[in-house]
>>> print(open('work-v9.pdb').read())   # PDB, C-alpha atoms
ATOM      1  CA  MET J   1      77.075  86.341  84.054
ATOM      2  CA  SER J   2      79.497  88.253  86.221
ATOM      3  CA  ASP J   3      80.560  91.885  86.576
ATOM      4  CA  GLU J   4      83.853  93.166  87.947
ATOM      5  CA  THR J   5      84.225  96.358  89.931
ATOM      6  CA  ALA J   6      87.260  98.145  91.295
ATOM      7  CA  ASP J   7      86.610 100.604  94.106
ATOM      8  CA  SER J   8      89.344 103.164  94.718
ATOM      9  CA  ARG J   9      90.400 106.760  94.306
ATOM     10  CA  ALA J  10      92.196 105.674  91.175
ATOM     11  CA  PRO J  11      92.054 106.249  87.396
ATOM     12  CA  GLU J  12      88.798 107.180  85.714
ATOM     13  CA  ASP J  13      88.636 103.986  83.651
ATOM     14  CA  ALA J  14      88.367 101.854  86.802
ATOM     15  CA  GLN J  15      84.831 100.472  87.052
ATOM     16  CA  LEU J  16      82.953 101.878  90.043
ATOM     17  CA  PRO J  17      79.591 100.764  91.458
ATOM     18  CA  ASP J  18      76.652 102.867  90.284
ATOM     19  CA  ASP J  19      76.085 104.187  93.810
ATOM     20  CA  ALA J  20      79.751 104.910  94.491
ATOM     21  CA  ASN J  21      80.407 108.189  96.293
ATOM     22  CA  VAL J  22      83.128 109.761  94.156
ATOM     23  CA  PRO J  23      84.598 112.878  95.827
ATOM     24  CA  ASP J  24      84.548 116.190  93.996
ATOM     25  CA  ASP J  25      87.951 117.419  92.820
ATOM     26  CA  ALA J  26      87.651 120.588  94.882
ATOM     27  CA  ASP J  27      86.781 118.624  98.017
ATOM     28  CA  VAL J  28      89.813 116.388  97.549
ATOM     29  CA  ALA J  29      92.108 119.383  97.087
ATOM     30  CA  ASP J  30      90.767 121.013 100.257
ATOM     31  CA  ASP J  31      91.712 117.918 102.264
ATOM     32  CA  VAL J  32      95.328 117.846 101.043
ATOM     33  CA  PRO J  33      97.920 119.492 103.323
ATOM     34  CA  ASP J  34     100.228 122.230 102.118
ATOM     35  CA  TRP J  35     103.915 121.424 102.249
ATOM     36  CA  ASP J  36     106.591 124.066 102.791
ATOM     37  CA  ASP J  37     108.716 122.015 100.396
ATOM     38  CA  GLU J  38     107.802 123.195  96.879
ATOM     39  CA  TYR J  39     108.860 119.949  95.218
ATOM     40  CA  VAL J  40     106.973 117.695  97.632
ATOM     41  CA  ASP J  41     103.957 119.968  97.256
ATOM     42  CA  ARG J  42     104.042 119.472  93.479
ATOM     43  CA  VAL J  43     104.322 115.708  93.951
ATOM     44  CA  SER J  44     101.316 115.773  96.272
ATOM     45  CA  ASP J  45      99.298 117.566  93.564
ATOM     46  CA  ARG J  46      99.858 114.531  91.345
ATOM     47  CA  LEU J  47      99.015 112.019  94.066
ATOM     48  CA  MET J  48      96.044 113.588  95.806
ATOM     49  CA  PHE J  49      93.329 111.965  93.676
ATOM     50  CA  ASN J  50      94.726 108.469  94.242
ATOM     51  CA  TYR J  51      96.195 108.654  97.741
ATOM     52  CA  ASP J  52      95.073 109.856 101.145
ATOM     53  CA  LEU J  53      97.956 112.138 102.108
ATOM     54  CA  GLU J  54      99.324 113.208 105.480
ATOM     55  CA  LYS J  55     101.990 115.746 106.409
ATOM     56  CA  ASP J  56     104.842 115.139 108.889
ATOM     57  CA  HIS J  57     104.026 111.503 109.557
ATOM     58  CA  ALA J  58     106.055 109.503 112.084
ATOM     59  CA  VAL J  59     106.255 105.726 112.376
ATOM     60  CA  ARG J  60     108.480 103.694 114.667
ATOM     61  CA  GLY J  61     110.455 106.778 115.600
ATOM     62  CA  ARG J  62     111.170 107.739 111.992
ATOM     63  CA  ALA J  63     109.876 111.020 110.568
ATOM     64  CA  PHE J  64     108.562 111.377 107.026
ATOM     65  CA  THR J  65     107.657 114.555 105.197
ATOM     66  CA  MET J  66     104.720 112.898 103.483
ATOM     67  CA  TYR J  67     102.728 109.706 103.965
ATOM     68  CA  GLY J  68     100.182 108.442 101.482
ATOM     69  CA  GLU J  69      97.836 105.469 101.455
ATOM     70  CA  LEU J  70      96.132 103.958  98.434
ATOM     71  CA  ARG J  71      93.299 101.488  99.104
ATOM     72  CA  LEU J  72      91.788  99.255  96.441
ATOM     73  CA  GLU J  73      88.940  96.763  96.561
ATOM     74  CA  SER J  74      87.660  94.638  93.709
ATOM     75  CA  GLN J  75      84.755  92.217  93.431
ATOM     76  CA  LYS J  76      83.145  89.974  90.867
ATOM     77  CA  HIS J  77      79.353  90.122  90.886
ATOM     78  CA  PHE J  78      76.975  87.339  89.881
ATOM     79  CA  LEU J  79      73.730  88.805  88.478
ATOM     80  CA  HIS J  80      73.504  91.345  91.329
ATOM     81  CA  PRO J  81      76.076  93.233  93.449
ATOM     82  CA  SER J  82      74.673  91.637  96.598
ATOM     83  CA  VAL J  83      75.902  88.271  95.300
ATOM     84  CA  ASN J  84      79.645  88.729  95.036
ATOM     85  CA  TYR J  85      82.688  86.508  95.054
ATOM     86  CA  ALA J  86      86.426  86.684  94.323
ATOM     87  CA  ASN J  87      86.800  89.738  96.559
ATOM     88  CA  TYR J  88      90.283  91.229  96.626
ATOM     89  CA  GLU J  89      91.918  93.977  98.656
ATOM     90  CA  ALA J  90      95.182  95.785  97.982
ATOM     91  CA  ARG J  91      96.964  98.701  99.591
ATOM     92  CA  GLU J  92     100.018 100.808  99.076
ATOM     93  CA  HIS J  93     101.736 102.757 101.848
ATOM     94  CA  LEU J  94     103.980 105.552 100.582
ATOM     95  CA  PHE J  95     106.591 107.188 102.817
ATOM     96  CA  VAL J  96     108.589 110.189 101.580
ATOM     97  CA  ARG J  97     111.321 112.167 103.289
ATOM     98  CA  ARG J  98     114.049 114.682 102.516
ATOM     99  CA  ALA J  99     117.708 113.911 103.175
ATOM    100  CA  GLU J 100     121.041 115.610 102.535
ATOM    101  CA  THR J 101     122.639 112.327 101.475
ATOM    102  CA  ILE J 102     121.579 108.743 100.777
ATOM    103  CA  SER J 103     123.528 105.502 101.112
ATOM    104  CA  ARG J 104     122.944 101.783 100.690
ATOM    105  CA  ALA J 105     122.777 101.489 104.492
ATOM    106  CA  ASP J 106     120.007 104.124 104.623
ATOM    107  CA  LEU J 107     117.989 102.163 102.080
ATOM    108  CA  ASP J 108     118.532  98.905 103.961
ATOM    109  CA  GLU J 109     117.068 100.530 107.086
ATOM    110  CA  LEU J 110     113.969 101.540 105.143
ATOM    111  CA  VAL J 111     113.577  98.032 103.748
ATOM    112  CA  GLU J 112     113.773  96.612 107.264
ATOM    113  CA  LEU J 113     111.124  99.106 108.374
ATOM    114  CA  GLY J 114     108.908  97.863 105.551
ATOM    115  CA  HIS J 115     109.167  94.292 106.814
ATOM    116  CA  GLU J 116     108.399  95.394 110.364
ATOM    117  CA  LEU J 117     105.297  97.273 109.240
ATOM    118  CA  ALA J 118     104.178  94.307 107.150
ATOM    119  CA  ASP J 119     104.202  92.137 110.270
ATOM    120  CA  GLU J 120     102.086  94.700 112.130
ATOM    121  CA  TRP J 121      99.734  96.122 109.498
ATOM    122  CA  ILE J 122      98.764  93.202 107.273
ATOM    123  CA  ASP J 123      95.883  90.920 108.197
ATOM    124  CA  PRO J 124      96.573  87.984 105.884
ATOM    125  CA  ASP J 125      93.516  86.147 104.579
ATOM    126  CA  GLU J 126      92.063  84.883 101.306
ATOM    127  CA  GLU J 127      90.862  88.368 100.277
ATOM    128  CA  HIS J 128      94.271  89.983 100.646
ATOM    129  CA  TYR J 129      95.788  90.420  97.192
ATOM    130  CA  GLY J 130      98.805  92.528  98.055
ATOM    131  CA  THR J 131     100.277  95.319 100.145
ATOM    132  CA  GLU J 132     103.118  97.544  98.993
ATOM    133  CA  PHE J 133     105.420  99.633 101.149
ATOM    134  CA  THR J 134     107.097 102.268  99.003
ATOM    135  CA  PHE J 135     109.850 104.462 100.425
ATOM    136  CA  GLY J 136     110.908 107.605  98.600
ATOM    137  CA  VAL J 137     113.923 109.733  99.504
ATOM    138  CA  VAL J 138     114.458 113.206  98.031
ATOM    139  CA  VAL J 139     118.131 114.205  97.888
ATOM    140  CA  PRO J 140     120.401 116.761  96.154
ATOM    141  CA  GLU J 141     122.065 114.053  94.061
ATOM    142  CA  ILE J 142     121.937 110.289  93.561
ATOM    143  CA  PRO J 143     125.232 108.404  94.065
ATOM    144  CA  ASP J 144     126.028 105.828  91.402
ATOM    145  CA  ALA J 145     126.051 102.973  93.933
ATOM    146  CA  VAL J 146     122.579 103.945  95.145
ATOM    147  CA  ARG J 147     121.320 104.284  91.581
ATOM    148  CA  GLU J 148     122.476 100.767  90.705
ATOM    149  CA  HIS J 149     121.121  99.246  93.903
ATOM    150  CA  VAL J 150     117.672 100.793  93.568
ATOM    151  CA  ALA J 151     117.345  99.949  89.867
ATOM    152  CA  ASP J 152     118.110  96.273  90.598
ATOM    153  CA  PHE J 153     116.117  96.068  93.823
ATOM    154  CA  ARG J 154     113.102  93.858  94.353
ATOM    155  CA  ASP J 155     111.809  92.491  97.666
ATOM    156  CA  ARG J 156     108.590  90.481  97.493
ATOM    157  CA  THR J 157     107.273  88.137 100.179
ATOM    158  CA  LEU J 158     104.513  85.569  99.610
ATOM    159  CA  LEU J 159     102.115  85.013 102.489
ATOM    160  CA  LYS J 160     101.252  81.366 103.072
ATOM    161  CA  PHE J 161     102.838  80.475  99.711
ATOM    162  CA  GLY J 162     100.752  83.165  98.039
ATOM    163  CA  TYR J 163      97.413  81.866  99.291
ATOM    164  CA  TYR J 164      97.098  85.028 101.397
ATOM    165  CA  GLY J 165      98.590  87.248  98.737
ATOM    166  CA  HIS J 166     101.929  88.991  99.107
ATOM    167  CA  TYR J 167     103.629  92.158 100.204
ATOM    168  CA  GLU J 168     106.405  94.075  98.540
ATOM    169  CA  VAL J 169     108.908  96.729  99.548
ATOM    170  CA  ASN J 170     109.686  99.333  96.877
ATOM    171  CA  LEU J 171     112.329 102.056  96.749
ATOM    172  CA  LEU J 172     112.710 105.302  94.854
ATOM    173  CA  VAL J 173     115.218 108.131  95.082
ATOM    174  CA  ALA J 174     114.630 111.537  93.529
ATOM    175  CA  ALA J 175     117.025 114.401  92.871
ATOM    176  CA  PRO J 176     114.659 117.096  91.538
ATOM    177  CA  ASP J 177     117.356 119.751  91.060
ATOM    178  CA  ARG J 178     119.034 117.352  88.628
ATOM    179  CA  GLU J 179     115.728 116.106  87.230
ATOM    180  CA  GLU J 180     116.584 112.507  88.107
ATOM    181  CA  VAL J 181     114.568 109.684  89.640
ATOM    182  CA  VAL J 182     115.536 106.047  90.046
ATOM    183  CA  GLU J 183     113.027 103.457  91.204
ATOM    184  CA  SER J 184     112.772  99.736  91.855
ATOM    185  CA  ARG J 185     110.720  97.520  89.586
ATOM    186  CA  ASN J 186     107.206  98.036  90.969
ATOM    187  CA  ALA J 187     107.572 101.566  92.358
ATOM    188  CA  ASP J 188     105.061 102.842  89.788
ATOM    189  CA  VAL J 189     104.359 105.946  91.861
ATOM    190  CA  ALA J 190     107.789 107.242  90.802
ATOM    191  CA  THR J 191     106.042 108.786  87.782
ATOM    192  CA  ALA J 192     104.556 111.395  90.101
ATOM    193  CA  PHE J 193     108.034 112.384  91.263
ATOM    194  CA  ARG J 194     109.105 113.387  87.748
ATOM    195  CA  THR J 195     107.459 116.773  88.073
ATOM    196  CA  TRP J 196     109.501 118.174  85.191
ATOM    197  CA  THR J 197     107.569 115.989  82.736
ATOM    198  CA  ASP J 198     103.969 116.424  81.653
ATOM    199  CA  VAL J 199     101.692 113.611  82.755
ATOM    200  CA  ALA J 200      98.050 113.838  81.756
ATOM    201  CA  GLU J 201      96.905 111.215  84.258
ATOM    202  CA  GLU J 202      98.659 109.538  87.156
ATOM    203  CA  ARG J 203      97.801 105.849  87.032
ATOM    204  CA  SER J 204      98.198 103.382  89.825
ATOM    205  CA  GLY J 205     100.353 100.459  88.800
ATOM    206  CA  LEU J 206      98.966  98.634  91.816
ATOM    207  CA  LEU J 207      95.449  99.005  90.430
ATOM    208  CA  THR J 208      96.571  97.782  87.020
ATOM    209  CA  ARG J 209      98.210  94.702  88.504
ATOM    210  CA  LEU J 210      95.190  93.967  90.712
ATOM    211  CA  VAL J 211      92.707  94.142  87.822
ATOM    212  CA  SER J 212      95.014  92.061  85.631
ATOM    213  CA  ALA J 213      95.271  89.377  88.290
ATOM    214  CA  ILE J 214      91.476  89.185  88.660
ATOM    215  CA  ARG J 215      90.779  89.099  84.944
ATOM    216  CA  GLY J 216      93.596  86.630  84.360
TER     217      GLY J 216
END
>>> encode(input="work-v9.pdb", output="C-alpha cells")
Amino acid sequence: MSDETADSRAPEDAQLPDDANVPDDADVADDVPDWDDEYVDRVSDRLMFNYDLEKDHAVRGRAFTMYGELRLESQKHFLHPSVNYANYEAREHLFVRRAETISRADLDELVELGHELADEWIDPDEEHYGTEFTFGVVVPEIPDAVREHVADFRDRTLLKFGYYGHYEVNLLVAAPDREEVVESRNADVATAFRTWTDVAEERSGLLTRLVSAIRG
C-alpha cells in the first residue's frame, strides 16, 4: 500500500503530512511586502499563500518589481512515511516588472535570462521533476505582435532526455487599465493577474501537473 503527499504552500486539496506546519493566514500576510503599485499589490494578495514574495528583486543586473518562488515536494509512502520512494521536486520562479512599452526583443531578452538562470539554479538529478521561470511584464497596452508571440510561445528543455526532469520558460503580459492579459501555454499564474475577475481560489498549475505526473 502506498500514500502520496504533496508538500507546498498550495491549494487546500493538496495532501499534506499529518505533522505539516501550515502557516496561519495572518502570519503569511504579515510576511508579504507592500507595493506602492496598487495593481501589483492586488496581484500579490492572490499569490501570497502559494508563493514566497519579495519586493524590488534584482538578478543579473535586471530589476523586477516583484519576485515569487513556489516550491513543491511530493513523495509516495510505503506503509510508513519513513519509507518513501518516487520523490519529486518542482519549483517556479516568478519575475514581474513594470514597463512603459513591450516588444518582441524585450521578451527575447527575458527568455535568454531564463535559460541563464536555469544553468545556474537547477541541480539536475532523478528527483527533479521540473522548474519553471515565468516572466510577467505589466504595461499600458499590449501590441498585437506581442500578443500573438506570447500566445504561441512555448520553450521547454528536457534535462538528460527527461531523466532529470525539465525546465520551462513562460511569458505573460498584462495591461490592467485595459483589463487584458496574454500568457504562454503553461503560465498558469496569469490567473492571478486578472484582478478584475473574481477567483475563489488561486490554484497552482505546476502543482496540478506534478501530481498528475506522479499518479499517471
>>> atom_distance(input="work-v9.pdb", atom1="atom CA of Glu92 of chain J", atom2="atom CA of Lys160 of chain J")
19.9 Å
>>> residues_around(input="work-v9.pdb", residues="Phe161 of chain J", least_positions_apart="6", cutoff="12 Å", atoms="all atoms listed in the file", output="JSON, numbers by chain")
{"J": [124, 125, 126, 167]}
>>> atom_distance(input="work-v9.pdb", atom1="atom CA of Phe135 of chain J", atom2="atom CA of Tyr51 of chain J")
14.5 Å
>>> residues_around(input="work-v9.pdb", residues="segment 68-72 of chain J", least_positions_apart="6", cutoff="7 Å", atoms="all atoms listed in the file", output="list in words")
Ala6, Asp7, Ser8, Asn50, Tyr51, Asp52, Leu53, Glu54, Glu89, Ala90, Arg91, Glu92, His93, Leu94 and Phe95 of chain J
>>> closest_residue(input="work-v9.pdb", among="J:Glu100, J:Asp177, J:Arg60, J:Thr197", to="Leu117 of chain J", atoms="only C-alpha atoms")
J:Arg60
>>> resolve_selection(input="work-v9.pdb", expression="the PyMOL selection byres ((chain J and resi 40) around 12)", output="compact mmCIF listing (two decimals) with C-alpha atoms, in the coordinates of the input")
# COMPACT_ATOMS: atom_id res chain seq x y z
CA PRO J 33 97.92 119.49 103.32
CA ASP J 34 100.23 122.23 102.12
CA TRP J 35 103.92 121.42 102.25
CA ASP J 36 106.59 124.07 102.79
CA ASP J 37 108.72 122.02 100.40
CA GLU J 38 107.80 123.20 96.88
CA TYR J 39 108.86 119.95 95.22
CA ASP J 41 103.96 119.97 97.26
CA ARG J 42 104.04 119.47 93.48
CA VAL J 43 104.32 115.71 93.95
CA SER J 44 101.32 115.77 96.27
CA ASP J 45 99.30 117.57 93.56
CA ARG J 46 99.86 114.53 91.34
CA LEU J 47 99.02 112.02 94.07
CA MET J 48 96.04 113.59 95.81
CA LEU J 53 97.96 112.14 102.11
CA GLU J 54 99.32 113.21 105.48
CA LYS J 55 101.99 115.75 106.41
CA ASP J 56 104.84 115.14 108.89
CA PHE J 64 108.56 111.38 107.03
CA THR J 65 107.66 114.56 105.20
CA MET J 66 104.72 112.90 103.48
CA TYR J 67 102.73 109.71 103.96
CA PHE J 95 106.59 107.19 102.82
CA VAL J 96 108.59 110.19 101.58
CA ARG J 97 111.32 112.17 103.29
CA ARG J 98 114.05 114.68 102.52
CA GLY J 136 110.91 107.60 98.60
CA VAL J 137 113.92 109.73 99.50
CA VAL J 138 114.46 113.21 98.03
CA VAL J 139 118.13 114.20 97.89
CA ALA J 174 114.63 111.54 93.53
CA ALA J 175 117.02 114.40 92.87
CA PRO J 176 114.66 117.10 91.54
CA ALA J 192 104.56 111.40 90.10
CA PHE J 193 108.03 112.38 91.26
CA ARG J 194 109.10 113.39 87.75
CA THR J 195 107.46 116.77 88.07
>>> atom_distance(input="work-v9.pdb", atom1="atom CA of Tyr163 of chain J", atom2="atom CA of Trp121 of chain J")
17.7 Å
>>> residues_around(input="work-v9.pdb", residues="Arg178 of chain J", least_positions_apart="5", cutoff="10 Å", atoms="all atoms listed in the file", output="PyMOL selection string")
chain J and resi 139-142
>>> write_last_selection(input="work-v9.pdb", atoms="C-alpha atoms", output="short mmCIF file (atom, residue, chain, number, x, y, z; two decimals), in the coordinates of the input")
data_model
loop_
_atom_site.label_atom_id
_atom_site.label_comp_id
_atom_site.auth_asym_id
_atom_site.auth_seq_id
_atom_site.Cartn_x
_atom_site.Cartn_y
_atom_site.Cartn_z
CA VAL J 139 118.13 114.20 97.89
CA PRO J 140 120.40 116.76 96.15
CA GLU J 141 122.06 114.05 94.06
CA ILE J 142 121.94 110.29 93.56
#
>>> axis_aligned_box(input="work-v9.pdb", around="segment 89-93 of chain J", padding_each_side="4 Å", output="JSON")
{"center_x": 96.8, "center_y": 98.4, "center_z": 99.9, "size_x": 17.8, "size_y": 16.8, "size_z": 11.9}
>>> closest_residue(input="work-v9.pdb", among="J:Tyr164, J:Val59, J:Thr101, J:Val150", to="Ala187 of chain J", atoms="all atoms listed in the file")
J:Val150
>>> residues_around(input="work-v9.pdb", residues="Val169 of chain J", least_positions_apart="2", cutoff="10 Å", atoms="only C-alpha atoms", output="MDAnalysis selection string")
chainID J and resid 92:93 110:115 118 131:135 153:157 167 171 184 186:187
>>> closest_residue(input="work-v9.pdb", among="J:Ser103, J:Glu180, J:Arg185, J:Gly162", to="Ala145 of chain J", atoms="only C-alpha atoms")
J:Ser103
